[in-house]
>>> print(open('entry_5.cif').read())   # mmCIF, C-alpha atoms and all ligand atoms
data_start
#
loop_
_atom_site.group_PDB
_atom_site.id
_atom_site.type_symbol
_atom_site.label_atom_id
_atom_site.label_comp_id
_atom_site.auth_asym_id
_atom_site.auth_seq_id
_atom_site.Cartn_x
_atom_site.Cartn_y
_atom_site.Cartn_z
ATOM 1 C CA MET A 1 -92.149 -174.142 -178.888
ATOM 2 C CA THR A 2 -94.355 -175.396 -181.743
ATOM 3 C CA TYR A 3 -93.268 -176.167 -185.259
ATOM 4 C CA GLY A 4 -94.709 -176.248 -188.787
ATOM 5 C CA ARG A 5 -93.223 -177.079 -192.151
ATOM 6 C CA ALA A 6 -94.341 -176.538 -195.746
ATOM 7 C CA THR A 7 -92.840 -177.138 -199.181
ATOM 8 C CA GLY A 8 -92.740 -174.852 -202.203
ATOM 9 C CA LYS A 9 -94.515 -175.213 -205.538
ATOM 10 C CA VAL A 10 -93.758 -174.893 -209.230
ATOM 11 C CA ILE A 11 -96.312 -173.797 -211.812
ATOM 12 C CA LEU A 12 -95.771 -175.829 -214.977
ATOM 13 C CA LEU A 13 -98.419 -174.053 -217.035
ATOM 14 C CA GLY A 14 -100.944 -171.259 -216.687
ATOM 15 C CA GLU A 15 -99.767 -168.599 -214.207
ATOM 16 C CA HIS A 16 -101.362 -165.150 -214.562
ATOM 17 C CA PHE A 17 -104.021 -166.473 -216.924
ATOM 18 C CA VAL A 18 -105.300 -168.545 -213.984
ATOM 19 C CA VAL A 19 -106.294 -165.270 -212.284
ATOM 20 C CA TYR A 20 -108.789 -164.733 -215.151
ATOM 21 C CA GLY A 21 -110.334 -168.183 -215.162
ATOM 22 C CA ALA A 22 -107.977 -170.286 -217.296
ATOM 23 C CA PRO A 23 -106.802 -173.549 -215.725
ATOM 24 C CA ALA A 24 -103.241 -174.003 -214.456
ATOM 25 C CA LEU A 25 -101.031 -176.993 -213.758
ATOM 26 C CA ALA A 26 -98.696 -176.983 -210.752
ATOM 27 C CA VAL A 27 -96.619 -179.444 -208.773
ATOM 28 C CA PRO A 28 -95.109 -179.351 -205.290
ATOM 29 C CA LEU A 29 -91.405 -178.616 -204.920
ATOM 30 C CA ARG A 30 -90.894 -181.280 -202.299
ATOM 31 C CA SER A 31 -87.128 -180.905 -202.123
ATOM 32 C CA ARG A 32 -87.425 -177.403 -200.642
ATOM 33 C CA CYS A 33 -89.268 -176.217 -197.552
ATOM 34 C CA VAL A 34 -89.690 -173.535 -194.920
ATOM 35 C CA ASN A 35 -89.899 -174.269 -191.208
ATOM 36 C CA VAL A 36 -91.652 -172.023 -188.708
ATOM 37 C CA HIS A 37 -90.855 -172.332 -184.991
ATOM 38 C CA LEU A 38 -93.225 -170.448 -182.718
ATOM 39 C CA ASP A 39 -93.108 -169.767 -179.018
ATOM 40 C CA TYR A 40 -96.039 -168.106 -177.219
ATOM 41 C CA GLU A 41 -93.672 -165.933 -175.204
ATOM 42 C CA ALA A 42 -92.121 -162.605 -176.072
ATOM 43 C CA GLY A 43 -88.584 -163.128 -177.308
ATOM 44 C CA SER A 44 -86.403 -162.868 -180.341
ATOM 45 C CA TRP A 45 -87.410 -163.029 -183.996
ATOM 46 C CA GLN A 46 -85.071 -164.779 -186.385
ATOM 47 C CA VAL A 47 -86.794 -164.468 -189.727
ATOM 48 C CA PRO A 48 -85.659 -163.347 -193.205
ATOM 49 C CA ASP A 49 -85.751 -159.515 -193.356
ATOM 50 C CA ALA A 50 -87.937 -159.503 -196.441
ATOM 51 C CA SER A 51 -90.589 -161.665 -194.711
ATOM 52 C CA HIS A 52 -90.672 -159.797 -191.390
ATOM 53 C CA SER A 53 -93.566 -157.476 -192.117
ATOM 54 C CA LEU A 54 -95.595 -160.198 -193.881
ATOM 55 C CA LEU A 55 -95.198 -162.521 -190.880
ATOM 56 C CA GLU A 56 -96.271 -159.730 -188.506
ATOM 57 C CA ARG A 57 -99.427 -159.195 -190.534
ATOM 58 C CA MET A 58 -100.080 -162.945 -190.706
ATOM 59 C CA LEU A 59 -99.819 -163.204 -186.921
ATOM 60 C CA LEU A 60 -102.199 -160.271 -186.410
ATOM 61 C CA MET A 61 -104.615 -161.928 -188.834
ATOM 62 C CA VAL A 62 -104.659 -165.126 -186.775
ATOM 63 C CA GLY A 63 -105.210 -163.116 -183.582
ATOM 64 C CA LEU A 64 -101.681 -163.081 -182.145
ATOM 65 C CA VAL A 65 -99.743 -159.988 -181.089
ATOM 66 C CA PRO A 66 -96.333 -160.157 -182.834
ATOM 67 C CA GLU A 67 -94.542 -158.620 -179.830
ATOM 68 C CA ASN A 68 -95.861 -161.405 -177.617
ATOM 69 C CA VAL A 69 -94.373 -164.333 -179.519
ATOM 70 C CA SER A 70 -90.935 -165.586 -180.530
ATOM 71 C CA LEU A 71 -90.593 -166.674 -184.117
ATOM 72 C CA GLU A 72 -87.897 -168.408 -186.074
ATOM 73 C CA VAL A 73 -88.065 -169.183 -189.779
ATOM 74 C CA ASP A 74 -85.512 -171.341 -191.534
ATOM 75 C CA GLY A 75 -85.389 -173.739 -194.446
ATOM 76 C CA ASP A 76 -84.019 -173.914 -197.971
ATOM 77 C CA LEU A 77 -86.947 -172.700 -200.105
ATOM 78 C CA PRO A 78 -85.816 -169.498 -201.850
ATOM 79 C CA LEU A 79 -88.357 -166.812 -200.909
ATOM 80 C CA GLY A 80 -89.620 -164.165 -203.331
ATOM 81 C CA GLN A 81 -88.626 -166.347 -206.290
ATOM 82 C CA GLY A 82 -92.036 -167.448 -207.611
ATOM 83 C CA LEU A 83 -91.797 -170.783 -205.808
ATOM 84 C CA GLY A 84 -94.742 -170.312 -203.469
ATOM 85 C CA GLY A 85 -92.733 -168.775 -200.622
ATOM 86 C CA SER A 86 -95.573 -166.729 -199.141
ATOM 87 C CA ALA A 87 -97.992 -169.681 -199.305
ATOM 88 C CA ALA A 88 -95.359 -171.906 -197.690
ATOM 89 C CA LEU A 89 -94.865 -169.379 -194.881
ATOM 90 C CA ALA A 90 -98.633 -169.230 -194.364
ATOM 91 C CA VAL A 91 -99.085 -173.016 -194.315
ATOM 92 C CA ALA A 92 -96.032 -173.602 -192.093
ATOM 93 C CA LEU A 93 -97.254 -170.952 -189.643
ATOM 94 C CA LEU A 94 -100.753 -172.445 -189.566
ATOM 95 C CA ARG A 95 -99.294 -175.910 -188.980
ATOM 96 C CA ALA A 96 -97.224 -174.474 -186.126
ATOM 97 C CA LEU A 97 -100.495 -173.124 -184.732
ATOM 98 C CA GLY A 98 -101.923 -176.632 -184.766
ATOM 99 C CA HIS A 99 -104.057 -176.612 -187.922
ATOM 100 C CA THR A 100 -103.770 -179.978 -189.581
ATOM 101 C CA GLU A 101 -107.004 -180.659 -191.474
ATOM 102 C CA SER A 102 -106.122 -179.917 -195.109
ATOM 103 C CA ARG A 103 -109.401 -178.354 -196.257
ATOM 104 C CA GLU A 104 -109.472 -175.942 -193.327
ATOM 105 C CA LEU A 105 -105.740 -175.323 -193.591
ATOM 106 C CA GLN A 106 -106.085 -174.332 -197.221
ATOM 107 C CA ASP A 107 -108.988 -171.944 -196.550
ATOM 108 C CA ARG A 108 -106.986 -170.252 -193.818
ATOM 109 C CA ALA A 109 -103.824 -170.143 -195.921
ATOM 110 C CA HIS A 110 -105.809 -168.537 -198.742
ATOM 111 C CA VAL A 111 -106.880 -165.739 -196.392
ATOM 112 C CA LEU A 112 -103.247 -165.206 -195.321
ATOM 113 C CA GLU A 113 -102.114 -165.217 -198.972
ATOM 114 C CA GLN A 114 -104.408 -162.261 -199.575
ATOM 115 C CA LEU A 115 -102.064 -160.261 -197.340
ATOM 116 C CA SER A 116 -99.235 -160.685 -199.785
ATOM 117 C CA HIS A 117 -101.063 -160.252 -203.040
ATOM 118 C CA GLY A 118 -104.599 -159.003 -202.847
ATOM 119 C CA HIS A 119 -106.656 -161.471 -204.882
ATOM 120 C CA PRO A 120 -104.622 -164.654 -205.296
ATOM 121 C CA SER A 121 -106.119 -167.284 -207.570
ATOM 122 C CA GLY A 122 -105.505 -169.876 -204.847
ATOM 123 C CA ILE A 123 -103.172 -172.093 -206.843
ATOM 124 C CA ASP A 124 -100.212 -171.541 -204.500
ATOM 125 C CA ASP A 125 -102.039 -172.268 -201.260
ATOM 126 C CA THR A 126 -103.726 -175.285 -202.889
ATOM 127 C CA VAL A 127 -100.517 -176.983 -204.029
ATOM 128 C CA VAL A 128 -98.600 -176.075 -200.883
ATOM 129 C CA THR A 129 -101.353 -177.383 -198.598
ATOM 130 C CA TRP A 130 -102.009 -180.658 -200.433
ATOM 131 C CA GLU A 131 -98.435 -181.239 -201.646
ATOM 132 C CA ARG A 132 -99.819 -182.928 -204.743
ATOM 133 C CA PRO A 133 -99.740 -182.075 -208.456
ATOM 134 C CA VAL A 134 -102.961 -180.274 -209.332
ATOM 135 C CA TYR A 135 -104.995 -179.091 -212.263
ATOM 136 C CA PHE A 136 -106.528 -175.944 -210.879
ATOM 137 C CA ILE A 137 -109.347 -173.636 -211.916
ATOM 138 C CA ARG A 138 -110.030 -170.583 -209.782
ATOM 139 C CA GLY A 139 -113.163 -171.012 -207.676
ATOM 140 C CA GLU A 140 -113.355 -174.772 -208.274
ATOM 141 C CA GLY A 141 -111.921 -177.532 -206.137
ATOM 142 C CA PRO A 142 -108.513 -178.722 -207.349
ATOM 143 C CA THR A 143 -108.206 -181.894 -209.389
ATOM 144 C CA VAL A 144 -105.359 -183.909 -207.900
ATOM 145 C CA LEU A 145 -103.250 -185.631 -210.566
ATOM 146 C CA GLU A 146 -101.512 -188.923 -209.980
ATOM 147 C CA ARG A 147 -98.487 -188.430 -212.195
ATOM 148 C CA CYS A 148 -95.760 -185.938 -211.391
ATOM 149 C CA PRO A 149 -92.622 -185.615 -213.523
ATOM 150 C CA SER A 150 -90.584 -184.569 -210.438
ATOM 151 C CA SER A 151 -87.507 -186.435 -211.571
ATOM 152 C CA ARG A 152 -87.359 -184.294 -214.711
ATOM 153 C CA ILE A 153 -88.053 -180.856 -213.246
ATOM 154 C CA TRP A 154 -85.231 -178.352 -212.891
ATOM 155 C CA VAL A 155 -85.637 -174.919 -211.347
ATOM 156 C CA ALA A 156 -83.226 -171.999 -211.595
ATOM 157 C CA THR A 157 -83.647 -168.754 -209.699
ATOM 158 C CA THR A 158 -82.499 -165.318 -210.841
ATOM 159 C CA GLY A 159 -82.016 -164.066 -207.292
ATOM 160 C CA GLN A 160 -84.137 -161.025 -208.149
ATOM 161 C CA ARG A 161 -87.145 -160.786 -205.874
ATOM 162 C CA GLY A 162 -90.315 -160.656 -207.915
ATOM 163 C CA SER A 163 -93.351 -158.973 -206.369
ATOM 164 C CA THR A 164 -96.432 -161.019 -207.191
ATOM 165 C CA LYS A 165 -98.638 -158.081 -206.289
ATOM 166 C CA GLU A 166 -96.851 -155.751 -208.736
ATOM 167 C CA SER A 167 -96.729 -158.312 -211.470
ATOM 168 C CA VAL A 168 -100.425 -159.196 -211.152
ATOM 169 C CA ALA A 169 -101.274 -155.458 -211.162
ATOM 170 C CA GLN A 170 -99.131 -154.950 -214.263
ATOM 171 C CA VAL A 171 -100.962 -157.736 -216.074
ATOM 172 C CA ARG A 172 -104.317 -156.256 -215.032
ATOM 173 C CA GLN A 173 -103.250 -152.923 -216.537
ATOM 174 C CA TRP A 174 -101.986 -154.613 -219.724
ATOM 175 C CA LYS A 175 -105.305 -156.429 -220.021
ATOM 176 C CA THR A 176 -107.325 -153.192 -219.804
ATOM 177 C CA GLU A 177 -105.174 -151.714 -222.586
ATOM 178 C CA HIS A 178 -105.264 -154.812 -224.826
ATOM 179 C CA GLU A 179 -108.649 -156.434 -224.163
ATOM 180 C CA ASP A 180 -108.957 -158.311 -227.483
ATOM 181 C CA GLU A 181 -105.376 -159.485 -227.556
ATOM 182 C CA PHE A 182 -105.642 -160.621 -223.948
ATOM 183 C CA ALA A 183 -108.793 -162.631 -224.708
ATOM 184 C CA THR A 184 -106.971 -164.442 -227.524
ATOM 185 C CA MET A 185 -103.992 -165.161 -225.266
ATOM 186 C CA LEU A 186 -106.272 -166.371 -222.475
ATOM 187 C CA ASP A 187 -107.860 -168.896 -224.879
ATOM 188 C CA ALA A 188 -104.426 -170.025 -226.047
ATOM 189 C CA ALA A 189 -103.203 -170.421 -222.451
ATOM 190 C CA ALA A 190 -106.309 -172.392 -221.462
ATOM 191 C CA ARG A 191 -105.796 -174.750 -224.408
ATOM 192 C CA LEU A 192 -102.124 -175.265 -223.541
ATOM 193 C CA VAL A 193 -103.022 -176.213 -219.986
ATOM 194 C CA GLN A 194 -105.888 -178.549 -220.950
ATOM 195 C CA GLU A 195 -103.708 -180.348 -223.485
ATOM 196 C CA GLY A 196 -100.676 -180.202 -221.177
ATOM 197 C CA ARG A 197 -102.665 -181.983 -218.494
ATOM 198 C CA GLU A 198 -103.377 -184.822 -220.918
ATOM 199 C CA ASP A 199 -99.692 -184.933 -221.877
ATOM 200 C CA LEU A 200 -98.756 -185.175 -218.219
ATOM 201 C CA GLU A 201 -101.297 -187.908 -217.481
ATOM 202 C CA ARG A 202 -100.191 -189.958 -220.492
ATOM 203 C CA GLY A 203 -96.478 -189.419 -219.864
ATOM 204 C CA ARG A 204 -95.955 -187.442 -223.093
ATOM 205 C CA LEU A 205 -93.243 -185.246 -221.644
ATOM 206 C CA GLU A 206 -91.859 -183.977 -224.981
ATOM 207 C CA ALA A 207 -95.285 -182.578 -225.803
ATOM 208 C CA LEU A 208 -95.649 -181.119 -222.308
ATOM 209 C CA GLY A 209 -92.244 -179.461 -222.660
ATOM 210 C CA GLU A 210 -93.235 -177.846 -225.953
ATOM 211 C CA LYS A 211 -96.311 -176.393 -224.310
ATOM 212 C CA MET A 212 -94.208 -174.962 -221.491
ATOM 213 C CA THR A 213 -92.042 -173.124 -224.007
ATOM 214 C CA GLN A 214 -95.143 -171.828 -225.812
ATOM 215 C CA ASN A 215 -96.498 -170.713 -222.461
ATOM 216 C CA HIS A 216 -93.296 -168.747 -221.854
ATOM 217 C CA ALA A 217 -93.885 -166.869 -225.101
ATOM 218 C CA LEU A 218 -97.383 -165.910 -223.891
ATOM 219 C CA LEU A 219 -95.909 -164.640 -220.615
ATOM 220 C CA GLN A 220 -93.329 -162.639 -222.569
ATOM 221 C CA GLY A 221 -96.297 -161.151 -224.410
ATOM 222 C CA LEU A 222 -97.664 -159.976 -221.059
ATOM 223 C CA SER A 223 -94.262 -158.355 -220.314
ATOM 224 C CA VAL A 224 -93.721 -160.306 -217.092
ATOM 225 C CA SER A 225 -90.526 -161.962 -218.262
ATOM 226 C CA THR A 226 -87.133 -160.264 -217.906
ATOM 227 C CA PRO A 227 -83.835 -160.555 -219.810
ATOM 228 C CA ASP A 228 -82.455 -162.713 -216.962
ATOM 229 C CA LEU A 229 -85.425 -165.092 -217.081
ATOM 230 C CA ASP A 230 -85.238 -165.262 -220.886
ATOM 231 C CA ARG A 231 -81.510 -166.022 -220.710
ATOM 232 C CA LEU A 232 -82.121 -168.938 -218.340
ATOM 233 C CA VAL A 233 -84.944 -170.284 -220.512
ATOM 234 C CA ASP A 234 -82.767 -170.037 -223.635
ATOM 235 C CA ALA A 235 -79.835 -171.715 -221.863
ATOM 236 C CA ALA A 236 -82.009 -174.620 -220.722
ATOM 237 C CA MET A 237 -83.351 -175.094 -224.242
ATOM 238 C CA ALA A 238 -79.908 -174.856 -225.858
ATOM 239 C CA ALA A 239 -78.687 -177.513 -223.409
ATOM 240 C CA GLY A 240 -81.400 -179.919 -224.536
ATOM 241 C CA ALA A 241 -84.384 -179.289 -222.243
ATOM 242 C CA LEU A 242 -87.772 -180.470 -223.529
ATOM 243 C CA GLY A 243 -89.283 -177.134 -222.531
ATOM 244 C CA ALA A 244 -88.683 -174.160 -220.274
ATOM 245 C CA LYS A 245 -90.530 -171.119 -219.019
ATOM 246 C CA LEU A 246 -90.641 -168.618 -216.225
ATOM 247 C CA THR A 247 -92.589 -169.949 -213.267
ATOM 248 C CA GLY A 248 -94.744 -167.914 -210.886
ATOM 249 C CA ALA A 249 -95.410 -164.233 -211.204
ATOM 250 C CA GLY A 250 -92.234 -163.242 -213.087
ATOM 251 C CA LEU A 251 -90.500 -159.821 -213.053
ATOM 252 C CA GLY A 252 -87.671 -161.731 -211.376
ATOM 253 C CA GLY A 253 -88.020 -165.056 -209.638
ATOM 254 C CA ALA A 254 -87.352 -168.372 -211.316
ATOM 255 C CA ILE A 255 -87.652 -170.553 -214.380
ATOM 256 C CA VAL A 256 -88.691 -174.194 -214.616
ATOM 257 C CA ALA A 257 -87.314 -176.582 -217.220
ATOM 258 C CA LEU A 258 -88.365 -180.109 -218.116
ATOM 259 C CA ALA A 259 -85.392 -182.276 -219.038
ATOM 260 C CA PRO A 260 -84.933 -185.683 -220.655
ATOM 261 C CA PRO A 261 -83.657 -188.340 -218.263
ATOM 262 C CA ASP A 262 -79.951 -188.096 -217.438
ATOM 263 C CA LEU A 263 -79.538 -184.563 -218.760
ATOM 264 C CA ASP A 264 -77.687 -182.356 -216.271
ATOM 265 C CA LEU A 265 -78.829 -178.771 -216.786
ATOM 266 C CA GLU A 266 -76.742 -177.373 -213.943
ATOM 267 C CA PRO A 267 -73.682 -176.250 -215.970
ATOM 268 C CA ALA A 268 -75.763 -174.454 -218.606
ATOM 269 C CA LEU A 269 -77.983 -172.737 -216.050
ATOM 270 C CA ALA A 270 -75.048 -171.716 -213.875
ATOM 271 C CA THR A 271 -73.196 -170.279 -216.888
ATOM 272 C CA ALA A 272 -76.335 -168.348 -217.836
ATOM 273 C CA GLY A 273 -76.225 -166.612 -214.447
ATOM 274 C CA ALA A 274 -78.582 -168.653 -212.263
ATOM 275 C CA ASP A 275 -78.419 -167.619 -208.625
ATOM 276 C CA GLU A 276 -79.386 -171.122 -207.557
ATOM 277 C CA VAL A 277 -80.117 -174.304 -209.492
ATOM 278 C CA ILE A 278 -82.518 -176.780 -207.930
ATOM 279 C CA ALA A 279 -81.931 -180.201 -209.447
ATOM 280 C CA PRO A 280 -84.729 -182.808 -209.574
HETATM 281 O O1 LIG A 301 -96.625 -165.749 -206.139
HETATM 282 P P1 LIG A 301 -96.053 -166.579 -207.245
HETATM 283 O O2 LIG A 301 -94.901 -165.911 -207.904
HETATM 284 O O3 LIG A 301 -95.787 -167.957 -206.816
HETATM 285 O O4 LIG A 301 -97.146 -166.646 -208.432
HETATM 286 C C1 LIG A 301 -98.523 -166.708 -208.242
HETATM 287 C C2 LIG A 301 -99.225 -167.089 -209.500
HETATM 288 C C3 LIG A 301 -100.001 -165.984 -210.207
HETATM 289 O O5 LIG A 301 -100.766 -166.644 -211.217
HETATM 290 C C4 LIG A 301 -99.069 -164.971 -210.892
HETATM 291 C C5 LIG A 301 -100.926 -165.229 -209.267
HETATM 292 C C6 LIG A 301 -102.094 -166.053 -208.764
HETATM 293 O O6 LIG A 301 -102.712 -165.600 -207.802
HETATM 294 O O7 LIG A 301 -102.418 -167.091 -209.340
#
>>> encode(input="entry_5.cif", output="structure tokens")
Amino acid sequence: MTYGRATGKVILLGEHFVVYGAPALAVPLRSRCVNVHLDYEAGSWQVPDASHSLLERMLLMVGLVPENVSLEVDGDLPLGQGLGGSAALAVALLRALGHTESRELQDRAHVLEQLSHGHPSGIDDTVVTWERPVYFIRGEGPTVLERCPSSRIWVATTGQRGSTKESVAQVRQWKTEHEDEFATMLDAAARLVQEGREDLERGRLEALGEKMTQNHALLQGLSVSTPDLDRLVDAAMAAGALGAKLTGAGLGGAIVALAPPDLDLEPALATAGADEVIAP
């Protein structure tokens, strides 16, 4: 039996726009992980139903016949919630297969990510592989950032599975119908991320929070938010968060909120219907 583990990730700024060349800012969600246990002998599969077919395709991609192995997946990272679940499965599986060198691991994970959503920007596999906060531009190497406001980051899931593939396709369609508007939003998103990076590096968390909330408005403009996500964002803000937004692809999934020290967002998020609240 071999074993691999990987953590999740949270995008603080820039999802969707990152697919079209804008930068994005993301941090690892170190408190949550998936574990993959693999045995090179036919046997039972104990994996989440919703990940079964993806894992079969990942195994075929790495040259293994699914029927000839036993696989067990466990862990506490909510899957299908915009927290890098498919990248974490890919990286954990590759680690179970013995891949340890980060550069190679990330390249391989990127190929496996394409199984779940076509043309991923690479931000998920980058953050999940390196487990570091990154400033990321598609096609360029990631810039690893030293500061990470982990102790201030709250996540709340809706429990609704978001399909990254569908959401990315929806944005592509929206873009073809609103080319000029999209270009303006892309510029605005890029600026938010560039300035947000400086805020993060200088510890200006109030300013970073404001940019997260502005970023949520841009994502609402792309129609990838939902009433449940908006309710969680509003609840976090009403409870005193410095900023809040959906995180990941949207159409379900999760929100991320940045809180001042000592603020407990759990009661507000739970009352607003969160399926799960992940405290810092
Ligand atoms: O798969 P998720 O929900 O963690 O989000 C991926 C981020 C997107 O920007 C929506 C897609 C991408 O490839 O960057």
>>> closest_atom_pairs(input="entry_5.cif", of="chain A", to="ligand LIG 301 (chain A)", cutoff="9 Å", atoms="all atoms listed in the file", output="JSON lines")
{"residue": "A:Gly8", "atom": "CA", "partner": "A:LIG301", "partner_atom": "O3", "distance": 8.8}
{"residue": "A:Lys9", "atom": "CA", "partner": "A:LIG301", "partner_atom": "O3", "distance": 7.5}
{"residue": "A:Val10", "atom": "CA", "partner": "A:LIG301", "partner_atom": "O3", "distance": 7.6}
{"residue": "A:Ile11", "atom": "CA", "partner": "A:LIG301", "partner_atom": "C2", "distance": 7.7}
{"residue": "A:Gly14", "atom": "CA", "partner": "A:LIG301", "partner_atom": "O5", "distance": 7.2}
{"residue": "A:Glu15", "atom": "CA", "partner": "A:LIG301", "partner_atom": "O5", "distance": 3.7}
{"residue": "A:His16", "atom": "CA", "partner": "A:LIG301", "partner_atom": "O5", "distance": 3.7}
{"residue": "A:Phe17", "atom": "CA", "partner": "A:LIG301", "partner_atom": "O5", "distance": 6.6}
{"residue": "A:Val18", "atom": "CA", "partner": "A:LIG301", "partner_atom": "O5", "distance": 5.6}
{"residue": "A:Val19", "atom": "CA", "partner": "A:LIG301", "partner_atom": "O7", "distance": 5.2}
{"residue": "A:Tyr20", "atom": "CA", "partner": "A:LIG301", "partner_atom": "O7", "distance": 8.9}
{"residue": "A:Ala24", "atom": "CA", "partner": "A:LIG301", "partner_atom": "O5", "distance": 8.4}
{"residue": "A:Gly80", "atom": "CA", "partner": "A:LIG301", "partner_atom": "O2", "distance": 7.2}
{"residue": "A:Gln81", "atom": "CA", "partner": "A:LIG301", "partner_atom": "O2", "distance": 6.5}
{"residue": "A:Gly82", "atom": "CA", "partner": "A:LIG301", "partner_atom": "O2", "distance": 3.3}
{"residue": "A:Leu83", "atom": "CA", "partner": "A:LIG301", "partner_atom": "O3", "distance": 5.0}
{"residue": "A:Gly84", "atom": "CA", "partner": "A:LIG301", "partner_atom": "O3", "distance": 4.2}
{"residue": "A:Gly85", "atom": "CA", "partner": "A:LIG301", "partner_atom": "O3", "distance": 7.0}
{"residue": "A:Ser86", "atom": "CA", "partner": "A:LIG301", "partner_atom": "O1", "distance": 7.1}
{"residue": "A:Ala87", "atom": "CA", "partner": "A:LIG301", "partner_atom": "O1", "distance": 8.0}
{"residue": "A:Glu113", "atom": "CA", "partner": "A:LIG301", "partner_atom": "O6", "distance": 8.9}
{"residue": "A:Ser116", "atom": "CA", "partner": "A:LIG301", "partner_atom": "O1", "distance": 8.5}
{"residue": "A:His117", "atom": "CA", "partner": "A:LIG301", "partner_atom": "O6", "distance": 7.3}
{"residue": "A:Gly118", "atom": "CA", "partner": "A:LIG301", "partner_atom": "O6", "distance": 8.5}
{"residue": "A:His119", "atom": "CA", "partner": "A:LIG301", "partner_atom": "O6", "distance": 6.4}
{"residue": "A:Pro120", "atom": "CA", "partner": "A:LIG301", "partner_atom": "O6", "distance": 3.3}
{"residue": "A:Ser121", "atom": "CA", "partner": "A:LIG301", "partner_atom": "O6", "distance": 3.8}
{"residue": "A:Gly122", "atom": "CA", "partner": "A:LIG301", "partner_atom": "O6", "distance": 5.9}
{"residue": "A:Ile123", "atom": "CA", "partner": "A:LIG301", "partner_atom": "O7", "distance": 5.6}
{"residue": "A:Asp124", "atom": "CA", "partner": "A:LIG301", "partner_atom": "O3", "distance": 6.1}
{"residue": "A:Arg138", "atom": "CA", "partner": "A:LIG301", "partner_atom": "O7", "distance": 8.4}
{"residue": "A:Gly162", "atom": "CA", "partner": "A:LIG301", "partner_atom": "O2", "distance": 7.0}
{"residue": "A:Ser163", "atom": "CA", "partner": "A:LIG301", "partner_atom": "O2", "distance": 7.3}
{"residue": "A:Thr164", "atom": "CA", "partner": "A:LIG301", "partner_atom": "O1", "distance": 4.8}
{"residue": "A:Lys165", "atom": "CA", "partner": "A:LIG301", "partner_atom": "O1", "distance": 7.9}
{"residue": "A:Ser167", "atom": "CA", "partner": "A:LIG301", "partner_atom": "C4", "distance": 7.1}
{"residue": "A:Val168", "atom": "CA", "partner": "A:LIG301", "partner_atom": "C4", "distance": 5.9}
{"residue": "A:Thr247", "atom": "CA", "partner": "A:LIG301", "partner_atom": "O2", "distance": 7.1}
{"residue": "A:Gly248", "atom": "CA", "partner": "A:LIG301", "partner_atom": "O2", "distance": 3.6}
{"residue": "A:Ala249", "atom": "CA", "partner": "A:LIG301", "partner_atom": "O2", "distance": 3.7}
{"residue": "A:Gly250", "atom": "CA", "partner": "A:LIG301", "partner_atom": "O2", "distance": 6.4}
{"residue": "A:Gly253", "atom": "CA", "partner": "A:LIG301", "partner_atom": "O2", "distance": 7.1}
{"residue": "A:Ala254", "atom": "CA", "partner": "A:LIG301", "partner_atom": "O2", "distance": 8.6}
>>> write_last_selection(input="entry_5.cif", atoms="C-alpha atoms", output="CSV table (one decimal), in the frame of the given file")
chain,number,residue,atom,x,y,z
A,8,GLY,CA,-92.7,-174.9,-202.2
A,9,LYS,CA,-94.5,-175.2,-205.5
A,10,VAL,CA,-93.8,-174.9,-209.2
A,11,ILE,CA,-96.3,-173.8,-211.8
A,14,GLY,CA,-100.9,-171.3,-216.7
A,15,GLU,CA,-99.8,-168.6,-214.2
A,16,HIS,CA,-101.4,-165.2,-214.6
A,17,PHE,CA,-104.0,-166.5,-216.9
A,18,VAL,CA,-105.3,-168.5,-214.0
A,19,VAL,CA,-106.3,-165.3,-212.3
A,20,TYR,CA,-108.8,-164.7,-215.2
A,24,ALA,CA,-103.2,-174.0,-214.5
A,80,GLY,CA,-89.6,-164.2,-203.3
A,81,GLN,CA,-88.6,-166.3,-206.3
A,82,GLY,CA,-92.0,-167.4,-207.6
A,83,LEU,CA,-91.8,-170.8,-205.8
A,84,GLY,CA,-94.7,-170.3,-203.5
A,85,GLY,CA,-92.7,-168.8,-200.6
A,86,SER,CA,-95.6,-166.7,-199.1
A,87,ALA,CA,-98.0,-169.7,-199.3
A,113,GLU,CA,-102.1,-165.2,-199.0
A,116,SER,CA,-99.2,-160.7,-199.8
A,117,HIS,CA,-101.1,-160.3,-203.0
A,118,GLY,CA,-104.6,-159.0,-202.8
A,119,HIS,CA,-106.7,-161.5,-204.9
A,120,PRO,CA,-104.6,-164.7,-205.3
A,121,SER,CA,-106.1,-167.3,-207.6
A,122,GLY,CA,-105.5,-169.9,-204.8
A,123,ILE,CA,-103.2,-172.1,-206.8
A,124,ASP,CA,-100.2,-171.5,-204.5
A,138,ARG,CA,-110.0,-170.6,-209.8
A,162,GLY,CA,-90.3,-160.7,-207.9
A,163,SER,CA,-93.4,-159.0,-206.4
A,164,THR,CA,-96.4,-161.0,-207.2
A,165,LYS,CA,-98.6,-158.1,-206.3
A,167,SER,CA,-96.7,-158.3,-211.5
A,168,VAL,CA,-100.4,-159.2,-211.2
A,247,THR,CA,-92.6,-169.9,-213.3
A,248,GLY,CA,-94.7,-167.9,-210.9
A,249,ALA,CA,-95.4,-164.2,-211.2
A,250,GLY,CA,-92.2,-163.2,-213.1
A,253,GLY,CA,-88.0,-165.1,-209.6
A,254,ALA,CA,-87.4,-168.4,-211.3
>>> atom_distance(input="entry_5.cif", atom1="atom CA of A:Arg161", atom2="atom CA of A:Pro78")
9.7 Å
>>> residues_around(input="entry_5.cif", residues="A:Leu219", least_positions_apart="5", cutoff="8 Å", atoms="all atoms listed in the file", output="number ranges by chain")
A: 224-225, 246
>>> closest_residue(input="entry_5.cif", among="A:Tyr3, A:Leu232, A:Gln214, A:Leu265", to="A:Gly252", atoms="all atoms listed in the file")
A:Leu232
>>> residues_around(input="entry_5.cif", residues="stretch 46-55 of chain A", least_positions_apart="3", cutoff="8 Å", atoms="all atoms listed in the file", output="ChimeraX atom specification")
/A:58-59,71-74,89,115-116
